[in-house]
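Data file: query.pdb. Format and content: PDB, C-alpha atoms, pLDDT in the B column.
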ATOM      1  CA  MET I 238      -1.157  90.139  13.019  1.00 87.00           C
ATOM      2  CA  PRO I 239       1.695  92.546  13.905  1.00 92.00           C
ATOM      3  CA  THR I 240       4.114  93.680  11.228  1.00 96.00           C
ATOM      4  CA  LEU I 241       7.889  93.432  11.494  1.00 97.00           C
ATOM      5  CA  SER I 242       8.020  97.150  12.285  1.00 97.00           C
ATOM      6  CA  GLU I 243       5.536  96.693  15.138  1.00 97.00           C
ATOM      7  CA  LEU I 244       7.423  93.668  16.433  1.00 97.00           C
ATOM      8  CA  ARG I 245      10.661  95.682  16.626  1.00 97.00           C
ATOM      9  CA  SER I 246       8.924  98.346  18.708  1.00 97.00           C
ATOM     10  CA  ARG I 247       7.502  95.740  21.088  1.00 97.00           C
ATOM     11  CA  VAL I 248      10.859  93.961  21.486  1.00 97.00           C
ATOM     12  CA  VAL I 249      12.620  97.229  22.297  1.00 97.00           C
ATOM     13  CA  ALA I 250       9.919  98.097  24.829  1.00 97.00           C
ATOM     14  CA  GLU I 251      10.066  94.678  26.516  1.00 96.00           C
ATOM     15  CA  ALA I 252      13.869  94.786  26.665  1.00 96.00           C
ATOM     16  CA  GLY I 253      13.900  98.364  27.977  1.00 96.00           C
ATOM     17  CA  ALA I 254      16.270  99.169  25.138  1.00 96.00           C
ATOM     18  CA  GLY I 255      14.823 102.521  24.072  1.00 92.00           C
ATOM     19  CA  GLY I 256      18.003 104.317  25.072  1.00 91.00           C
ATOM     20  CA  HIS I 257      20.268 101.773  23.393  1.00 93.00           C
ATOM     21  CA  LEU I 258      18.636 101.074  20.027  1.00 95.00           C
ATOM     22  CA  ASP I 259      17.337 103.508  17.444  1.00 95.00           C
ATOM     23  CA  LEU I 260      14.288 102.131  15.617  1.00 95.00           C
ATOM     24  CA  ALA I 261      15.020 104.470  12.711  1.00 95.00           C
ATOM     25  CA  ASP I 262      18.616 103.291  12.298  1.00 96.00           C
ATOM     26  CA  ALA I 263      19.155 100.687   9.559  1.00 96.00           C
ATOM     27  CA  THR I 264      21.859  98.826  11.511  1.00 96.00           C
ATOM     28  CA  ASP I 265      19.751  98.603  14.662  1.00 96.00           C
ATOM     29  CA  LYS I 266      16.732  97.507  12.607  1.00 97.00           C
ATOM     30  CA  ALA I 267      18.746  94.695  11.011  1.00 96.00           C
ATOM     31  CA  TYR I 268      20.053  93.708  14.461  1.00 96.00           C
ATOM     32  CA  LEU I 269      16.515  93.438  15.825  1.00 97.00           C
ATOM     33  CA  ASN I 270      15.206  91.711  12.701  1.00 97.00           C
ATOM     34  CA  ALA I 271      17.722  88.886  13.146  1.00 96.00           C
ATOM     35  CA  PHE I 272      16.572  88.218  16.712  1.00 96.00           C
ATOM     36  CA  ILE I 273      12.896  88.490  15.799  1.00 97.00           C
ATOM     37  CA  ASN I 274      13.135  86.095  12.865  1.00 96.00           C
ATOM     38  CA  SER I 275      15.079  83.575  14.927  1.00 95.00           C
ATOM     39  CA  ALA I 276      12.476  83.761  17.699  1.00 95.00           C
ATOM     40  CA  MET I 277       9.577  83.493  15.232  1.00 95.00           C
ATOM     41  CA  GLN I 278      11.254  80.467  13.662  1.00 93.00           C
ATOM     42  CA  GLY I 279      11.244  78.850  17.101  1.00 91.00           C
ATOM     43  CA  LEU I 280       7.545  79.635  17.564  1.00 91.00           C
ATOM     44  CA  HIS I 281       6.807  78.256  14.091  1.00 90.00           C
ATOM     45  CA  ASP I 282       8.582  75.027  15.042  1.00 86.00           C
ATOM     46  CA  ILE I 283       6.515  74.721  18.228  1.00 84.00           C
ATOM     47  CA  LEU I 284       3.233  75.228  16.388  1.00 82.00           C
ATOM     48  CA  THR I 285       4.025  72.997  13.417  1.00 82.00           C
ATOM     49  CA  MET I 286       6.110  70.198  14.903  1.00 74.00           C
ATOM     50  CA  ALA I 287       4.539  69.637  18.322  1.00 68.00           C
ATOM     51  CA  PHE I 288       0.998  70.495  17.149  1.00 67.00           C
ATOM     52  CA  GLN I 289       0.892  69.461  13.529  1.00 59.00           C
ATOM     53  CA  ASP I 290      -2.475  70.849  12.450  1.00 69.00           C
ATOM     54  CA  TYR I 291      -1.357  74.482  12.717  1.00 74.00           C
ATOM     55  CA  GLN I 292      -0.231  76.411   9.643  1.00 80.00           C
ATOM     56  CA  VAL I 293      -1.438  73.685   7.251  1.00 86.00           C
ATOM     57  CA  THR I 294      -2.193  74.703   3.677  1.00 88.00           C
ATOM     58  CA  SER I 295      -2.777  72.944   0.358  1.00 90.00           C
ATOM     59  CA  THR I 296      -2.082  73.109  -3.352  1.00 89.00           C
ATOM     60  CA  THR I 297      -3.289  71.094  -6.345  1.00 87.00           C
ATOM     61  CA  VAL I 298      -0.579  69.304  -8.318  1.00 83.00           C
ATOM     62  CA  GLY I 299      -0.542  67.106 -11.398  1.00 81.00           C
ATOM     63  CA  MET I 300       1.484  63.951 -11.933  1.00 79.00           C
ATOM     64  CA  SER I 301       2.691  62.563 -15.252  1.00 70.00           C
ATOM     65  CA  ILE I 302       5.020  59.808 -16.420  1.00 63.00           C
ATOM     66  CA  THR I 303       8.651  60.895 -16.638  1.00 59.00           C
ATOM     67  CA  ALA I 304      11.049  60.047 -19.460  1.00 52.00           C
ATOM     68  CA  GLY I 305      12.290  57.101 -17.433  1.00 54.00           C
ATOM     69  CA  GLY I 306       8.797  55.704 -17.044  1.00 58.00           C
ATOM     70  CA  ALA I 307       8.412  56.562 -13.352  1.00 59.00           C
ATOM     71  CA  THR I 308       5.574  58.521 -11.820  1.00 72.00           C
ATOM     72  CA  GLU I 309       6.670  61.249  -9.468  1.00 78.00           C
ATOM     73  CA  MET I 310       6.037  64.871  -8.682  1.00 81.00           C
ATOM     74  CA  PRO I 311       8.513  67.430  -7.360  1.00 81.00           C
ATOM     75  CA  LEU I 312       7.696  68.973  -4.028  1.00 82.00           C
ATOM     76  CA  PRO I 313       7.618  72.756  -3.945  1.00 75.00           C
ATOM     77  CA  ALA I 314      10.706  72.431  -1.741  1.00 65.00           C
ATOM     78  CA  ALA I 315      11.072  76.137  -1.109  1.00 69.00           C
ATOM     79  CA  VAL I 316       7.757  76.232   0.746  1.00 83.00           C
ATOM     80  CA  VAL I 317       7.091  72.679   2.009  1.00 85.00           C
ATOM     81  CA  LEU I 318       8.365  71.811   5.482  1.00 85.00           C
ATOM     82  CA  LYS I 319       6.252  68.698   6.134  1.00 86.00           C
ATOM     83  CA  VAL I 320       3.885  66.711   3.923  1.00 89.00           C
ATOM     84  CA  ARG I 321       0.652  66.166   5.864  1.00 89.00           C
ATOM     85  CA  ASP I 322      -1.592  64.394   3.364  1.00 91.00           C
ATOM     86  CA  LEU I 323      -2.042  63.600  -0.314  1.00 93.00           C
ATOM     87  CA  GLU I 324      -5.533  63.350  -1.795  1.00 94.00           C
ATOM     88  CA  TRP I 325      -6.445  61.768  -5.126  1.00 92.00           C
ATOM     89  CA  LEU I 326      -8.577  64.050  -7.325  1.00 92.00           C
ATOM     90  CA  GLY I 327      -8.894  61.781 -10.366  1.00 90.00           C
ATOM     91  CA  THR I 328      -7.390  61.872 -13.846  1.00 87.00           C
ATOM     92  CA  ALA I 329      -9.243  65.098 -14.661  1.00 87.00           C
ATOM     93  CA  GLY I 330      -8.973  66.695 -11.231  1.00 86.00           C
ATOM     94  CA  THR I 331     -12.731  66.619 -10.647  1.00 87.00           C
ATOM     95  CA  THR I 332     -13.123  63.524  -8.458  1.00 86.00           C
ATOM     96  CA  PRO I 333     -14.096  64.198  -4.805  1.00 90.00           C
ATOM     97  CA  ALA I 334     -10.891  64.176  -2.770  1.00 91.00           C
ATOM     98  CA  ILE I 335      -9.824  60.797  -1.388  1.00 90.00           C
ATOM     99  CA  SER I 336      -6.999  60.700   1.172  1.00 92.00           C
ATOM    100  CA  MET I 337      -4.261  58.225   0.332  1.00 92.00           C
ATOM    101  CA  GLU I 338      -2.273  55.904   2.553  1.00 92.00           C
ATOM    102  CA  THR I 339       1.524  55.965   2.606  1.00 93.00           C
ATOM    103  CA  ILE I 340       4.014  53.202   1.844  1.00 91.00           C
ATOM    104  CA  ALA I 341       7.556  52.810   3.108  1.00 91.00           C
ATOM    105  CA  TRP I 342      10.242  54.096   0.778  1.00 87.00           C
ATOM    106  CA  MET I 343      11.811  50.619   0.724  1.00 89.00           C
ATOM    107  CA  GLU I 344       8.554  49.236  -0.732  1.00 89.00           C
ATOM    108  CA  ARG I 345       8.309  51.693  -3.616  1.00 85.00           C
ATOM    109  CA  ASN I 346       9.561  49.320  -6.344  1.00 84.00           C
ATOM    110  CA  ARG I 347       7.609  46.230  -5.298  1.00 87.00           C
ATOM    111  CA  TYR I 348       4.315  47.602  -4.052  1.00 88.00           C
ATOM    112  CA  VAL I 349       1.320  46.439  -6.159  1.00 86.00           C
ATOM    113  CA  GLY I 350      -1.721  47.276  -4.012  1.00 87.00           C
ATOM    114  CA  PRO I 351      -4.142  50.236  -4.076  1.00 88.00           C
ATOM    115  CA  ARG I 352      -2.798  53.694  -4.904  1.00 89.00           C
ATOM    116  CA  ARG I 353      -0.385  54.932  -2.213  1.00 91.00           C
ATOM    117  CA  TYR I 354       2.500  57.355  -1.936  1.00 92.00           C
ATOM    118  CA  CYS I 355       5.811  58.012  -0.245  1.00 91.00           C
ATOM    119  CA  VAL I 356       8.067  61.039   0.093  1.00 89.00           C
ATOM    120  CA  ALA I 357      11.570  60.579  -1.300  1.00 85.00           C
ATOM    121  CA  GLY I 358      13.869  63.558  -0.901  1.00 81.00           C
ATOM    122  CA  GLU I 359      12.219  66.466  -2.685  1.00 83.00           C
ATOM    123  CA  LYS I 360       9.748  64.279  -4.580  1.00 85.00           C
ATOM    124  CA  ILE I 361       6.512  62.416  -4.001  1.00 89.00           C
ATOM    125  CA  LEU I 362       6.292  58.954  -5.561  1.00 88.00           C
ATOM    126  CA  VAL I 363       2.905  57.333  -6.230  1.00 88.00           C
ATOM    127  CA  ARG I 364       2.585  53.580  -6.663  1.00 87.00           C
ATOM    128  CA  PRO I 365       1.609  51.528  -8.554  1.00 87.00           C
ATOM    129  CA  ASP I 366       2.801  53.546 -11.552  1.00 83.00           C
ATOM    130  CA  LYS I 367      -0.193  52.587 -13.690  1.00 81.00           C
ATOM    131  CA  PHE I 368      -2.584  54.293 -11.262  1.00 83.00           C
ATOM    132  CA  ALA I 369      -0.504  57.415 -10.622  1.00 85.00           C
ATOM    133  CA  VAL I 370      -1.167  59.769 -13.530  1.00 86.00           C
ATOM    134  CA  GLY I 371      -3.712  62.427 -12.577  1.00 88.00           C
ATOM    135  CA  PHE I 372      -4.287  65.240 -10.125  1.00 90.00           C
ATOM    136  CA  TYR I 373      -3.718  65.437  -6.400  1.00 91.00           C
ATOM    137  CA  LYS I 374      -4.239  67.856  -3.540  1.00 92.00           C
ATOM    138  CA  LEU I 375      -1.096  68.171  -1.458  1.00 91.00           C
ATOM    139  CA  TRP I 376      -1.575  69.234   2.158  1.00 92.00           C
ATOM    140  CA  TYR I 377       1.551  70.509   3.816  1.00 90.00           C
ATOM    141  CA  THR I 378       3.079  72.641   6.535  1.00 89.00           C
ATOM    142  CA  PRO I 379       4.965  75.540   4.958  1.00 89.00           C
ATOM    143  CA  ARG I 380       8.483  76.525   5.884  1.00 89.00           C
ATOM    144  CA  PHE I 381       8.976  79.652   7.945  1.00 91.00           C
ATOM    145  CA  VAL I 382       9.708  82.625   5.708  1.00 91.00           C
ATOM    146  CA  ALA I 383      11.882  85.246   7.350  1.00 95.00           C
ATOM    147  CA  MET I 384      10.376  88.722   7.497  1.00 97.00           C
ATOM    148  CA  ALA I 385      12.403  91.426   5.731  1.00 96.00           C
ATOM    149  CA  ALA I 386      10.226  94.401   4.824  1.00 97.00           C
ATOM    150  CA  ASP I 387       8.704  96.533   7.565  1.00 97.00           C
ATOM    151  CA  GLY I 388       5.208  95.487   6.504  1.00 97.00           C
ATOM    152  CA  ASP I 389       5.937  91.729   6.523  1.00 97.00           C
ATOM    153  CA  ALA I 390       4.034  89.718   9.140  1.00 95.00           C
ATOM    154  CA  TYR I 391       3.737  86.206  10.554  1.00 90.00           C
ATOM    155  CA  ASP I 392       0.416  84.802  11.714  1.00 86.00           C
ATOM    156  CA  ALA I 393       1.352  83.532  15.155  1.00 84.00           C
ATOM    157  CA  ILE I 394      -2.321  82.778  15.969  1.00 81.00           C
ATOM    158  CA  ASN I 395      -4.177  84.140  18.959  1.00 82.00           C
ATOM    159  CA  GLY I 396      -1.524  86.669  19.998  1.00 87.00           C
ATOM    160  CA  TRP I 397       1.091  83.986  20.589  1.00 90.00           C
ATOM    161  CA  GLU I 398       3.739  86.175  18.977  1.00 94.00           C
ATOM    162  CA  LEU I 399       4.332  87.414  22.546  1.00 95.00           C
ATOM    163  CA  LEU I 400       6.435  84.293  23.090  1.00 94.00           C
ATOM    164  CA  ALA I 401       8.767  85.290  20.236  1.00 95.00           C
ATOM    165  CA  ILE I 402       8.817  88.921  21.363  1.00 96.00           C
ATOM    166  CA  LEU I 403       9.983  87.916  24.842  1.00 96.00           C
ATOM    167  CA  ASP I 404      12.544  85.535  23.363  1.00 96.00           C
ATOM    168  CA  ALA I 405      13.995  88.314  21.208  1.00 96.00           C
ATOM    169  CA  ALA I 406      13.911  90.781  24.109  1.00 96.00           C
ATOM    170  CA  ILE I 407      15.932  88.393  26.268  1.00 96.00           C
ATOM    171  CA  ARG I 408      18.590  88.213  23.546  1.00 95.00           C
ATOM    172  CA  VAL I 409      18.680  91.997  23.183  1.00 96.00           C
ATOM    173  CA  ARG I 410      18.936  92.624  26.923  1.00 95.00           C
ATOM    174  CA  GLY I 411      21.149  89.685  27.916  1.00 93.00           C
ATOM    175  CA  PRO I 412      24.739  88.526  27.262  1.00 91.00           C
ATOM    176  CA  GLY I 413      26.139  89.835  23.996  1.00 88.00           C
ATOM    177  CA  GLY I 414      23.563  92.613  24.014  1.00 91.00           C
ATOM    178  CA  MET I 415      22.873  95.107  26.770  1.00 93.00           C
ATOM    179  CA  GLU I 416      24.507  92.783  29.356  1.00 94.00           C
ATOM    180  CA  MET I 417      21.652  93.406  31.790  1.00 95.00           C
ATOM    181  CA  ASP I 418      19.554  91.147  34.000  1.00 95.00           C
ATOM    182  CA  THR I 419      16.922  89.086  32.161  1.00 95.00           C
ATOM    183  CA  THR I 420      15.422  87.205  35.110  1.00 96.00           C
ATOM    184  CA  GLU I 421      11.982  88.804  34.869  1.00 96.00           C
ATOM    185  CA  LEU I 422      11.836  88.384  31.087  1.00 96.00           C
ATOM    186  CA  GLU I 423      12.833  84.739  31.409  1.00 96.00           C
ATOM    187  CA  ARG I 424      10.133  84.196  34.048  1.00 96.00           C
ATOM    188  CA  ARG I 425       7.515  85.723  31.768  1.00 96.00           C
ATOM    189  CA  PHE I 426       8.810  83.728  28.805  1.00 95.00           C
ATOM    190  CA  ALA I 427       8.426  80.459  30.743  1.00 94.00           C
ATOM    191  CA  THR I 428       4.875  81.404  31.756  1.00 95.00           C
ATOM    192  CA  VAL I 429       3.813  82.344  28.226  1.00 93.00           C
ATOM    193  CA  GLU I 430       5.487  79.237  26.778  1.00 91.00           C
ATOM    194  CA  GLU I 431       3.481  77.077  29.152  1.00 90.00           C
ATOM    195  CA  GLN I 432       0.269  78.919  28.246  1.00 88.00           C
ATOM    196  CA  VAL I 433       0.890  78.588  24.506  1.00 86.00           C
ATOM    197  CA  THR I 434       1.770  74.910  24.772  1.00 83.00           C
ATOM    198  CA  ALA I 435      -1.301  74.148  26.863  1.00 81.00           C
ATOM    199  CA  ALA I 436      -3.662  76.141  24.635  1.00 78.00           C
ATOM    200  CA  ALA I 437      -2.248  74.681  21.420  1.00 73.00           C
ATOM    201  CA  SER I 438      -2.498  71.110  22.687  1.00 71.00           C
ATOM    202  CA  ARG I 439      -6.210  71.515  23.497  1.00 63.00           C
ATOM    203  CA  ARG I 440      -7.141  72.418  19.935  1.00 57.00           C
ATOM    204  CA  VAL I 441      -9.692  69.984  18.479  1.00 53.00           C
ATOM    205  CA  SER I 442      -8.793  68.886  14.961  1.00 49.00           C
ATOM    206  CA  GLY I 443      -9.983  65.776  13.163  1.00 49.00           C
ATOM    207  CA  ARG I 444     -10.802  62.503  14.855  1.00 45.00           C
ATOM    208  CA  PRO I 445      -8.852  61.815  18.061  1.00 41.00           C
ATOM    209  CA  SER I 446      -6.768  58.662  18.179  1.00 40.00           C
ATOM    210  CA  ARG I 447      -8.623  57.444  21.262  1.00 42.00           C
ATOM    211  CA  VAL I 448     -12.118  58.338  22.481  1.00 37.00           C
ATOM    212  CA  ARG I 449     -13.460  57.507  25.928  1.00 41.00           C
ATOM    213  CA  ARG I 450     -17.007  57.681  27.251  1.00 39.00           C
ATOM    214  CA  THR I 451     -18.164  57.371  30.842  1.00 40.00           C
ATOM    215  CA  LYS I 452     -21.138  55.188  29.866  1.00 45.00           C
ATOM    216  CA  ILE I 453     -21.404  52.633  27.071  1.00 42.00           C
ATOM    217  CA  THR I 454     -23.569  49.560  26.703  1.00 46.00           C
ATOM    218  CA  PRO I 455     -21.997  46.101  26.223  1.00 48.00           C
ATOM    219  CA  LEU I 456     -23.538  45.929  22.721  1.00 46.00           C
ATOM    220  CA  GLU I 457     -22.025  49.273  21.755  1.00 42.00           C
ATOM    221  CA  ARG I 458     -18.647  48.118  23.028  1.00 45.00           C
ATOM    222  CA  LEU I 459     -18.752  44.972  20.908  1.00 43.00           C
ATOM    223  CA  GLN I 460     -19.884  46.898  17.839  1.00 43.00           C
ATOM    224  CA  MET I 461     -17.170  49.512  18.194  1.00 42.00           C
ATOM    225  CA  ALA I 462     -14.488  46.909  18.912  1.00 44.00           C
ATOM    226  CA  ASP I 463     -15.353  45.243  15.602  1.00 42.00           C
ATOM    227  CA  LEU I 464     -14.955  48.526  13.774  1.00 40.00           C
ATOM    228  CA  ASP I 465     -11.903  49.863  15.575  1.00 38.00           C
ATOM    229  CA  PRO I 466     -10.522  47.704  18.425  1.00 35.00           C
ATOM    230  CA  ASP I 467      -8.111  50.394  19.626  1.00 37.00           C
ATOM    231  CA  ARG I 468     -10.647  53.187  19.850  1.00 35.00           C
ATOM    232  CA  TRP I 469     -12.222  52.310  23.157  1.00 34.00           C
ATOM    233  CA  GLY I 470      -9.226  50.851  25.006  1.00 33.00           C
TER
END
Represent the structure from my file as structure tokens, please.
Amino acid sequence: MPTLSELRSRVVAEAGAGGHLDLADATDKAYLNAFINSAMQGLHDILTMAFQDYQVTSTTVGMSITAGGATEMPLPAAVVLKVRDLEWLGTAGTTPAISMETIAWMERNRYVGPRRYCVAGEKILVRPDKFAVGFYKLWYTPRFVAMAADGDAYDAINGWELLAILDAAIRVRGPGGMEMDTTELERRFATVEEQVTAAASRRVSGRPSRVRRTKITPLERLQMADLDPDRWG
């Protein structure tokens, strides 16, 4: 996992900017940092939006009744980009985790079924209220945190930071920067982007939405259709 200092060196090398930028100069370092963080933000978006099982983490949170009688918990908004799942851990936090279903925000004040949740702004609401007090495990995708110190790093997974390095190098070398040709860098960027997208999309995580087999008996088909009619197509 390369540090910000290492990323600057690689960007300068890719852009052929060794004679234009001084890696020891504070102004040039800040200039490069801005491009690198912007490019890493783009990579983070690819990995977490298009392929949602990357960069997922969790935290345990408690829920209590507020002064107004509602049951809600604040999201750690500074770190949460997307809520992925909420698991019930029981009133003491010791129950084996049980994933919860969601409800529509419009249903929050009239829902009376089994325990479910919705995200409302920077809060999570659990309904019905009478079942909400207790502990939960919140699974979420964190926001990208810009790197500032030389030793800061971003886990781009499997060396995929090359995509961000090329992106930043194109900005350094191109219009507004060195004003030099970026054709070769852009070609390499497109190739690496395709490789990253293809590799990320092949990652196996959880149960697929559809499963196909080349051979299945009629009895198996009937049994599986009863359990999950969409699974076999």
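Point (-4.1, 62.0, -9.6) has the following residues at most 8 Å away: Gly299, Met300, Trp325, Leu326, Gly327, Thr328, Ala329, Gly330, Ala369, Val370, Gly371, Phe372 and Tyr373 of chain I (atoms considered: all atoms listed in the file).
Minimum distance to Met384 (chain I) across I:Ala254, I:Ala261, I:Ala406, I:Met277 (counting only C-alpha atoms) occurs at I:Met277.
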Can you tell me which residues surround Pro311 (chain I) at a distance of at most 10 Å, considering only C-alpha atoms, apart from same-chain residues fewer than 4 positions away, and format the answer as a PDB file with C-alpha atoms, keeping the file's coordinate frame?
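Below is the file that was written, around.pdb:
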ATOM      1  CA  VAL I 298      -0.579  69.304  -8.318  1.00 83.00           C
ATOM      2  CA  GLY I 299      -0.542  67.106 -11.398  1.00 81.00           C
ATOM      3  CA  MET I 300       1.484  63.951 -11.933  1.00 79.00           C
ATOM      4  CA  VAL I 356       8.067  61.039   0.093  1.00 89.00           C
ATOM      5  CA  ALA I 357      11.570  60.579  -1.300  1.00 85.00           C
ATOM      6  CA  GLY I 358      13.869  63.558  -0.901  1.00 81.00           C
ATOM      7  CA  GLU I 359      12.219  66.466  -2.685  1.00 83.00           C
ATOM      8  CA  LYS I 360       9.748  64.279  -4.580  1.00 85.00           C
ATOM      9  CA  ILE I 361       6.512  62.416  -4.001  1.00 89.00           C
ATOM     10  CA  LEU I 362       6.292  58.954  -5.561  1.00 88.00           C
TER      11      LEU I 362
END
- Query: In Å, how far is it from CA of Glu416 (chain I) to CA of Leu258 (chain I)?
  - Reply: 13.8 Å
- Item | Picked residues, the PyMOL selection byres ((chain I and resi 334) around 8), expected as an MDAnalysis selection string | chainID I and resid 324:326 332:333 335:336 374
For C-alpha atoms, I'd like the residues from the last selection saved as a JSON list (two decimals), in the frame of the given file.
[["chain", "number", "residue", "atom", "x", "y", "z"],
["I", 324, "GLU", "CA", -5.53, 63.35, -1.80],
["I", 325, "TRP", "CA", -6.44, 61.77, -5.13],
["I", 326, "LEU", "CA", -8.58, 64.05, -7.32],
["I", 332, "THR", "CA", -13.12, 63.52, -8.46],
["I", 333, "PRO", "CA", -14.10, 64.20, -4.80],
["I", 335, "ILE", "CA", -9.82, 60.80, -1.39],
["I", 336, "SER", "CA", -7.00, 60.70, 1.17],
["I", 374, "LYS", "CA", -4.24, 67.86, -3.54]]
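Proximity to Tyr348 (chain I) was assessed for I:Val363, I:Val249, I:Leu403, I:Leu312 counting all atoms listed in the file; the smallest distance is recorded for I:Val363.
When you apply the PyMOL selection byres ((chain I and resi 281) around 10) to this structure, what comes back is I:Ser275, I:Ala276, I:Met277, I:Gln278, I:Gly279, I:Leu280, I:Asp282, I:Ile283, I:Leu284, I:Thr285, I:Met286, I:Ala287, I:Tyr291, I:Gln292, I:Pro379, I:Arg380, I:Phe381, I:Val382, I:Tyr391, I:Asp392, I:Ala393, I:Glu398, I:Ala401.
Proximity to Glu251 (chain I) was assessed for I:Val317, I:Ala385, I:Leu422, I:Val349 counting all atoms listed in the file; the smallest distance is recorded for I:Leu422.
Nearest to Leu260 (chain I) of all the residues I:Ser242, I:Asn274, I:Thr434, I:Thr420 is I:Ser242, based on only C-alpha atoms.
Among the candidates I:Thr331, I:Arg408, I:Trp376, I:Arg345, the residue lying nearest to Leu318 (chain I) is I:Trp376 (atoms considered: only C-alpha atoms).
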- Smallest atom-to-atom distance to Lys367 (chain I): which of I:Ile402, I:Glu431, I:Glu309, I:Gly414, using all atoms listed in the file? I:Glu309
- Note on the structure: One decimal place gives the CA of Thr419 (chain I)-CA of Ala252 (chain I) separation as 8.5 Å
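Look at Arg245 (chain I): the protein and nucleic acid residues within 10 Å of it, using all atoms listed in the file and passing over chain neighbours fewer than 3 places away, are Pro239, Thr240, Leu241, Ser242, Val248, Val249, Ala250, Glu251, Leu260, Asp265, Lys266, Ala267, Tyr268, Leu269, Asn270, Phe272, Ile273, Asp387, Ile402, Ala405 and Ala406 of chain I.
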- Between CA of Gly413 (chain I) and CA of Gln432 (chain I), measure the distance and give it in Å to one decimal. 28.4 Å
